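Single-structure report; data block below.
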Amino acid sequence: MKKTSKTSSTKKESAAKEKVTKGKGKKKEKSSPSDDQLRDAICEILKEVDFNTATFTDILKLLAKQFDMDLNPRKASIKVMIQEELTKLADEADEEEGEEDADKDEAPSTGQEVEA
């Protein structure tokens, strides 16, 4: 009986190894995009989408279409990248508004000095 159980476990192990090998082979055929490639693509997509209507799923679908592959296994990391890029865009917008406000603040004070 011990020989039989060893044989069956060996069969299971070799079957598992075959599955892993097959999966790795598929990845080599169509390699997954790097984080940098994904981040660049996300930046380009965010420049084009309407923030009032676009959802995370919409962006994920656009990425999947661009790279011609299912990116659901990397959904969590892609979500983090999108959030980081949105934060950068928001910070840049705030900085631009701050500069415009500073310019507006200076202009009236200059005008007030001229009137006085």
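Chain labels follow the order of the structure tokens: the first chain is A, the next B, and so on; residue numbering restarts at 1 in every chain, and ligands are counted from 1 in their shown order.
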Exercise for the section: Considering only C-alpha atoms, return as a ChimeraX atom specification whatever protein or nucleic-acid residues lie within 12 Å of Met81 of chain A, sequence-local ones (same chain, fewer than 6 positions apart) excluded. Expected result: /A:35-43,46,56,59-60,74-75,87-88
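Interatomic distance, atom CA of Lys47 of chain A against atom CA of Asp91 of chain A: 15.0 Å.
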Practice task
Enter the distance from atom CA of Gln83 of chain A to atom CA of Ser32 of chain A, in Å, rounded to one decimal.
Solution key: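 Interatomic distance here is 20.7 Å.
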Handout entry: Coordinates-based distance that separates atom CA of Ile82 of chain A from atom CA of Lys65 of chain A (Å, one decimal)
Key =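 Computing the Euclidean distance for atom CA of Lys65 of chain A and atom CA of Ile82 of chain A yields 16.5 Å.
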Practice task
Enumerate as a PyMOL selection string all residues of segment 24-102 of chain A assigned to alpha helix (DSSP H) by DSSP on the backbone, naming them with the chain letters and numbers the document uses.
Solution key: chain A and resi 24-29+35-48+56-67+75-102
